[in-house]
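S.K.: Sending over protein_33.csv (CSV, C-alpha atoms).
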```csv
chain,number,residue,atom,x,y,z
A,281,MET,CA,4.1,29.0,-184.6
A,282,ALA,CA,3.1,29.7,-188.2
A,283,THR,CA,1.6,33.0,-189.2
A,284,GLN,CA,-0.7,34.2,-191.9
A,285,ILE,CA,-0.4,37.9,-192.6
A,286,ILE,CA,-3.2,39.6,-194.5
A,287,MET,CA,-2.6,43.1,-195.8
A,288,ASP,CA,-5.5,45.4,-195.1
A,289,LEU,CA,-6.3,49.0,-194.4
A,290,ASN,CA,-4.9,48.7,-190.9
A,291,GLY,CA,-1.5,47.7,-192.2
A,292,ASP,CA,-1.9,44.0,-191.7
A,293,THR,CA,-3.8,41.5,-189.7
A,294,ARG,CA,-1.9,38.4,-188.4
A,295,HIS,CA,-3.3,35.0,-187.6
A,296,ASN,CA,-1.0,32.8,-185.7
A,297,PHE,CA,-1.6,29.0,-185.5
A,298,ASP,CA,0.1,25.9,-184.3
A,299,ALA,CA,0.9,23.7,-187.3
A,300,LYS,CA,0.7,20.7,-185.1
A,301,ASP,CA,-2.8,21.4,-184.0
A,302,VAL,CA,-5.1,19.7,-186.5
A,303,LYS,CA,-8.0,22.0,-185.8
A,304,ALA,CA,-5.9,25.1,-186.2
A,305,LEU,CA,-4.4,23.8,-189.3
A,306,LEU,CA,-7.8,23.1,-190.9
A,307,GLU,CA,-8.8,26.7,-189.9
A,308,ALA,CA,-5.7,28.0,-191.5
A,309,GLU,CA,-6.3,26.0,-194.7
A,310,ARG,CA,-9.9,27.3,-194.8
A,311,ARG,CA,-8.6,30.9,-194.4
A,312,PHE,CA,-6.1,30.3,-197.2
A,313,LYS,CA,-8.7,29.0,-199.6
A,314,ALA,CA,-11.2,31.8,-198.7
A,315,LEU,CA,-8.6,34.5,-199.2
A,316,THR,CA,-7.2,33.2,-202.4
A,317,GLY,CA,-10.7,32.6,-203.6
A,318,ALA,CA,-11.5,36.2,-202.9
A,319,GLY,CA,-8.7,37.4,-205.1
A,320,PHE,CA,-5.8,37.6,-202.7
A,321,THR,CA,-2.4,36.4,-203.8
A,322,ALA,CA,-0.5,34.3,-201.3
A,323,ALA,CA,3.3,34.6,-201.1
A,324,THR,CA,5.8,32.8,-199.0
A,325,ARG,CA,9.6,33.0,-198.6
A,326,THR,CA,12.2,30.5,-199.6
A,327,ALA,CA,15.1,29.5,-197.4
A,328,SER,CA,17.1,32.3,-199.0
A,329,GLY,CA,14.4,34.8,-198.1
A,330,GLU,CA,13.2,35.3,-201.7
A,331,PRO,CA,9.4,35.7,-201.9
A,332,VAL,CA,7.5,33.3,-204.1
A,333,VAL,CA,3.8,33.2,-205.0
A,334,THR,CA,2.1,30.1,-203.9
A,335,ARG,CA,-1.2,28.6,-205.0
A,336,MET,CA,-1.5,25.7,-202.5
A,337,PHE,CA,-1.7,25.7,-198.8
A,338,ASP,CA,1.5,24.4,-197.3
A,339,PRO,CA,1.3,23.6,-193.6
A,340,THR,CA,5.1,23.6,-193.2
A,341,VAL,CA,5.5,27.3,-194.2
A,342,GLU,CA,6.3,29.6,-191.3
A,343,GLU,CA,4.9,32.8,-192.8
A,344,THR,CA,2.4,33.4,-195.6
A,345,LEU,CA,1.6,36.9,-196.8
A,346,PHE,CA,-1.7,37.7,-198.5
A,347,PHE,CA,-2.1,40.8,-200.6
A,348,PRO,CA,-5.0,42.0,-202.7
A,349,ARG,CA,-5.1,41.5,-206.4
A,350,LEU,CA,-3.2,44.1,-208.4
A,351,VAL,CA,-5.2,46.0,-211.0
A,352,GLY,CA,-4.4,48.7,-213.5
A,353,GLY,CA,-4.2,52.1,-212.0
B,211,MET,CA,5.7,102.8,-162.2
B,212,PHE,CA,4.7,102.9,-165.9
B,213,VAL,CA,8.0,101.4,-166.9
B,214,THR,CA,7.6,98.6,-164.3
B,215,LEU,CA,4.1,97.8,-165.6
B,216,LEU,CA,5.4,97.7,-169.1
B,217,HIS,CA,8.3,95.4,-168.1
B,218,ASP,CA,5.8,93.0,-166.4
B,219,ALA,CA,3.5,93.0,-169.4
B,220,ASN,CA,6.5,92.3,-171.7
B,221,GLY,CA,7.5,89.3,-169.5
B,222,GLN,CA,4.0,87.9,-169.5
B,223,LEU,CA,3.7,88.3,-173.3
B,224,ARG,CA,7.0,86.5,-173.7
B,225,ARG,CA,5.8,83.6,-171.6
B,226,LEU,CA,2.5,83.5,-173.5
B,227,LEU,CA,4.4,83.4,-176.8
B,228,ALA,CA,6.7,80.7,-175.5
B,229,ALA,CA,3.7,78.6,-174.4
B,230,CYS,CA,2.1,79.1,-177.8
B,231,LEU,CA,5.3,78.1,-179.6
B,232,HIS,CA,5.6,75.0,-177.5
B,233,LEU,CA,2.0,74.0,-178.3
B,234,ALA,CA,2.5,74.7,-182.0
B,235,ARG,CA,5.6,72.5,-182.0
B,236,GLY,CA,3.7,69.7,-180.2
B,237,PHE,CA,0.9,69.9,-182.7
B,238,ARG,CA,3.3,69.8,-185.6
B,239,GLU,CA,5.0,66.7,-184.3
B,240,TRP,CA,1.6,65.1,-183.7
B,241,TYR,CA,0.4,66.0,-187.2
B,242,LEU,CA,3.5,64.7,-188.9
B,243,ARG,CA,3.9,61.5,-187.0
B,244,ALA,CA,3.5,58.2,-188.9
B,245,SER,CA,0.2,56.6,-188.1
B,246,ILE,CA,0.1,53.3,-186.4
B,247,ARG,CA,-1.1,51.5,-189.5
B,248,GLU,CA,1.7,53.2,-191.6
B,249,GLN,CA,4.2,52.0,-189.0
B,250,ARG,CA,2.8,48.5,-189.2
B,251,GLY,CA,3.1,48.6,-193.0
B,252,LEU,CA,6.7,49.9,-192.9
B,253,LYS,CA,7.6,47.1,-190.4
B,254,LEU,CA,6.1,44.5,-192.7
B,255,LEU,CA,7.9,46.0,-195.7
B,256,ARG,CA,11.2,46.0,-194.0
B,257,GLU,CA,10.8,42.4,-192.9
B,258,TRP,CA,10.2,41.3,-196.5
B,259,LEU,CA,12.9,43.3,-198.3
B,260,SER,CA,16.3,41.9,-199.0
B,261,GLN,CA,19.3,43.5,-197.4
B,262,GLU,CA,20.2,45.3,-200.6
B,263,GLN,CA,16.7,46.6,-201.1
B,264,LEU,CA,16.4,47.7,-197.6
B,265,ALA,CA,19.6,49.7,-197.7
B,266,ARG,CA,18.5,51.3,-200.9
B,267,TYR,CA,15.1,52.1,-199.5
B,268,ASP,CA,16.6,53.7,-196.4
B,269,ALA,CA,18.9,55.8,-198.5
B,270,HIS,CA,16.6,56.8,-201.4
B,271,ARG,CA,13.1,55.8,-200.4
B,272,TYR,CA,12.9,53.4,-203.3
B,273,PHE,CA,14.2,49.9,-204.1
B,274,GLU,CA,14.6,47.9,-207.3
B,275,VAL,CA,13.2,44.5,-208.3
B,276,ILE,CA,13.7,42.3,-211.3
B,277,GLY,CA,10.7,41.0,-213.1
B,278,CYS,CA,10.4,37.2,-212.7
B,279,HIS,CA,9.0,36.8,-216.2
B,280,THR,CA,10.9,39.4,-218.3
B,281,GLY,CA,14.1,39.8,-216.3
B,282,LYS,CA,13.6,43.6,-216.6
B,283,ARG,CA,14.5,45.9,-213.8
B,284,TYR,CA,11.9,48.1,-212.1
B,285,ARG,CA,12.3,50.8,-209.5
B,286,ILE,CA,9.5,51.0,-206.9
B,287,CYS,CA,9.3,54.4,-205.2
B,288,HIS,CA,7.6,55.1,-202.0
B,289,GLY,CA,3.9,55.8,-202.6
B,290,ASN,CA,0.6,54.3,-203.3
B,291,GLY,CA,0.3,54.6,-207.0
B,292,ALA,CA,2.2,55.6,-210.2
B,293,ASN,CA,5.4,54.6,-208.4
B,294,ILE,CA,6.9,51.9,-210.7
B,295,ILE,CA,9.5,52.9,-213.2
B,296,GLU,CA,10.9,50.4,-215.7
B,297,LEU,CA,14.6,50.9,-216.1
B,298,ASP,CA,16.7,50.3,-219.2
B,299,ASP,CA,20.1,48.6,-219.3
B,300,ALA,CA,21.7,51.8,-218.3
B,301,ALA,CA,19.4,52.1,-215.3
B,302,LEU,CA,17.7,55.1,-216.8
B,303,PRO,CA,13.9,55.5,-216.5
B,304,ARG,CA,12.3,54.0,-219.6
B,305,ARG,CA,8.6,53.7,-218.9
B,306,GLY,CA,6.2,54.2,-216.0
B,307,TRP,CA,3.8,51.6,-214.8
B,308,CYS,CA,0.7,52.1,-212.7
B,309,PHE,CA,-1.0,49.2,-211.1
B,310,VAL,CA,-2.3,49.2,-207.6
B,311,PRO,CA,-3.9,46.7,-205.1
B,312,ARG,CA,-7.6,46.4,-205.6
B,313,ASP,CA,-8.2,47.2,-201.9
B,314,PRO,CA,-6.9,50.4,-200.2
B,315,LEU,CA,-3.6,49.8,-198.4
B,316,VAL,CA,-1.0,51.9,-196.7
B,317,ALA,CA,1.9,53.0,-198.9
B,318,ALA,CA,4.4,50.5,-197.5
B,319,ASP,CA,2.0,47.6,-198.1
B,320,VAL,CA,1.4,48.8,-201.6
B,321,MET,CA,5.1,48.8,-202.3
B,322,LEU,CA,5.5,45.3,-200.8
B,323,ALA,CA,2.6,44.0,-202.9
B,324,LYS,CA,4.4,45.3,-206.0
B,325,ARG,CA,7.7,43.9,-204.8
B,326,LEU,CA,6.4,40.4,-204.7
B,327,PRO,CA,6.4,38.4,-207.9
B,328,TRP,CA,3.0,38.5,-209.3
B,329,LYS,CA,1.5,36.1,-211.8
B,330,ARG,CA,-0.1,37.9,-214.7
B,331,THR,CA,-3.8,38.0,-213.9
B,332,SER,CA,-6.3,38.8,-216.6
B,333,GLU,CA,-6.0,42.5,-215.7
B,334,ALA,CA,-2.2,42.4,-216.0
B,335,ARG,CA,-2.4,40.6,-219.3
B,336,TRP,CA,-4.8,43.2,-220.5
B,337,ARG,CA,-2.3,45.9,-219.5
B,338,TRP,CA,0.5,44.0,-221.1
B,339,ARG,CA,-1.3,43.8,-224.4
B,340,THR,CA,-2.1,47.6,-224.1
B,341,ILE,CA,1.6,48.3,-223.7
B,342,LEU,CA,2.5,46.2,-226.6
B,343,ARG,CA,-0.2,47.8,-228.7
B,344,LEU,CA,1.1,51.2,-227.8
B,345,ASP,CA,4.6,50.0,-228.6
B,346,ASN,CA,3.5,49.0,-232.1
B,347,LEU,CA,1.7,52.3,-232.6
B,348,ALA,CA,4.9,54.1,-231.7
B,349,SER,CA,7.0,52.1,-234.1
B,350,GLN,CA,4.5,52.5,-236.9
B,351,THR,CA,4.0,56.2,-236.6
B,352,SER,CA,6.4,58.9,-237.8
B,353,ARG,CA,6.2,60.6,-234.5
B,354,ASP,CA,8.9,59.8,-232.1
B,355,TYR,CA,6.5,59.5,-229.2
B,356,ARG,CA,3.1,58.3,-228.6
B,357,CYS,CA,0.8,58.5,-225.6
B,358,ARG,CA,-2.7,57.5,-224.8
B,359,LEU,CA,-4.9,57.8,-221.9
B,360,LYS,CA,-7.3,55.0,-221.1
B,361,SER,CA,-9.8,54.9,-218.4
B,362,ARG,CA,-8.0,52.1,-216.5
B,363,CYS,CA,-4.5,52.5,-218.0
B,364,SER,CA,-2.3,55.4,-217.2
B,365,VAL,CA,0.9,54.5,-219.0
B,366,ILE,CA,2.9,56.6,-221.3
B,367,LEU,CA,5.7,55.5,-223.6
B,368,LEU,CA,8.4,58.0,-223.9
B,369,ARG,CA,10.6,58.0,-227.0
B,370,SER,CA,11.3,61.6,-227.4
B,371,SER,CA,13.7,64.4,-226.5
B,372,THR,CA,11.2,66.9,-228.0
B,373,LEU,CA,8.9,66.7,-225.0
B,374,PRO,CA,9.5,69.6,-222.6
B,375,CYS,CA,10.0,67.1,-219.7
B,376,ARG,CA,12.3,64.4,-218.6
B,377,PRO,CA,11.5,60.8,-219.0
B,378,GLU,CA,9.6,59.9,-216.0
B,379,PHE,CA,6.3,58.5,-215.0
B,380,PHE,CA,3.3,60.5,-216.1
B,381,GLY,CA,0.0,60.3,-214.2
B,382,PRO,CA,-3.2,60.6,-216.1
B,383,PHE,CA,-3.3,64.4,-215.7
B,384,ARG,CA,0.1,64.8,-217.2
B,385,ILE,CA,-0.7,62.4,-220.0
B,386,GLY,CA,-3.8,64.4,-220.7
B,387,ALA,CA,-1.6,67.5,-220.8
B,388,ILE,CA,0.8,65.9,-223.3
B,389,GLU,CA,-2.1,64.8,-225.5
B,390,LEU,CA,-3.2,68.4,-225.5
B,391,LEU,CA,0.3,69.4,-226.3
B,392,GLU,CA,0.4,67.0,-229.2
B,393,SER,CA,-2.8,68.2,-230.6
B,394,SER,CA,-1.8,71.8,-230.3
B,395,GLN,CA,1.5,71.1,-232.1
B,396,ARG,CA,-0.5,69.4,-234.8
B,397,ARG,CA,-2.7,72.4,-235.1
B,398,SER,CA,0.2,74.8,-235.3
B,399,ASN,CA,2.0,72.6,-237.9
B,400,SER,CA,-1.1,72.6,-240.1
```
As structure tokens, what does this structure read like?
M.R.:
Amino acid sequence: MATQIIMDLNGDTRHNFDAKDVKALLEAERRFKALTGAGFTAATRTASGEPVVTRMFDPTVEETLFFPRLVGG
Amino acid sequence: MFVTLLHDANGQLRRLLAACLHLARGFREWYLRASIREQRGLKLLREWLSQEQLARYDAHRYFEVIGCHTGKRYRICHGNGANIIELDDAALPRRGWCFVPRDPLVAADVMLAKRLPWKRTSEARWRWRTILRLDNLASQTSRDYRCRLKSRCSVILLRSSTLPCRPEFFGPFRIGAIELLESSQRRSNS
């Protein structure tokens, strides 16, 4: 089960989906594009656990984290 | 009989005080508890930190990251803003950074967002240019420090031992205070 984690005011919101389910996968891809289009940055983890920023939706990724754009304080 | 009454009253007063104390302690624990959203944020942060970073965070409430573009080391302290310190080669604070997520988040989420490698967005590029510009100003001036407050930029470059404060991050209010200090020194010198 893959997970998309979105940081928000409540800590985070998680959306789980089955990567083998085409409908769920399409929905996840739509969410990915909507969030990144809205200014969120998506990050995944490599096999070693190191986070990397990703720009493209990858259906094989187990966990994707979305955080809001960083701006000057 | 009077002594007996006094004794009873004393006992009741003690019980009342003990009950009040118990209630006050309960209220304090309730007030100081981490909210559910903060707990969620902390859980997420802990999941995404490396072992070394996690150990450092547990011990000191900060962790360190290395910039993916510059290779510089940064210390991210617990908090929502003004919590990034650039370290020099000797791991001493060199410069403070302040950038925050556009949307309001709990402290742990903010720290995690800053821990993740971020591509320089237009805002970040703007800030970078500002830093460089301030660097140039500092190198061109005879003063050994320079600071500037901008509406969206609260960064100070420290190059001085003459300031009555240690090198650390300065929020906008402190920067404003240093600007005042600088102008007052200028007036006294003239």
S.K.: Taking all atoms listed in the file into account and nothing else, which residues of chain A lie no more than 6 Å away from chain B? Please answer as a PyMOL selection string.
M.R.: chain A and resi 288-291+348-353
S.K.: Using only C-alpha atoms, which of A:Asp338, A:Glu343, A:Glu307, A:Glu330 sits nearest Thr283 of chain A?
M.R.: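 With only C-alpha atoms as the atom set, the closest residue is A:Glu343.
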S.K.: So the first atom is atom CA of Glu296 of chain B and the second is atom CA of His279 of chain B; what is the distance between them in Å, to one decimal place?
M.R.: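 One can read the atom CA of Glu296 of chain B to atom CA of His279 of chain B distance as 13.7 Å.
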S.K.: Could you jot down the atom CA of Asp292 of chain A to atom CA of Gly319 of chain A separation for me, Å, one decimal place?
M.R.: 16.4 Å
S.K.: Hey, can you check how far atom CA of Val275 of chain B sits from atom CA of Thr334 of chain A?
M.R.: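 Distance reported for this atom pair: 18.7 Å.
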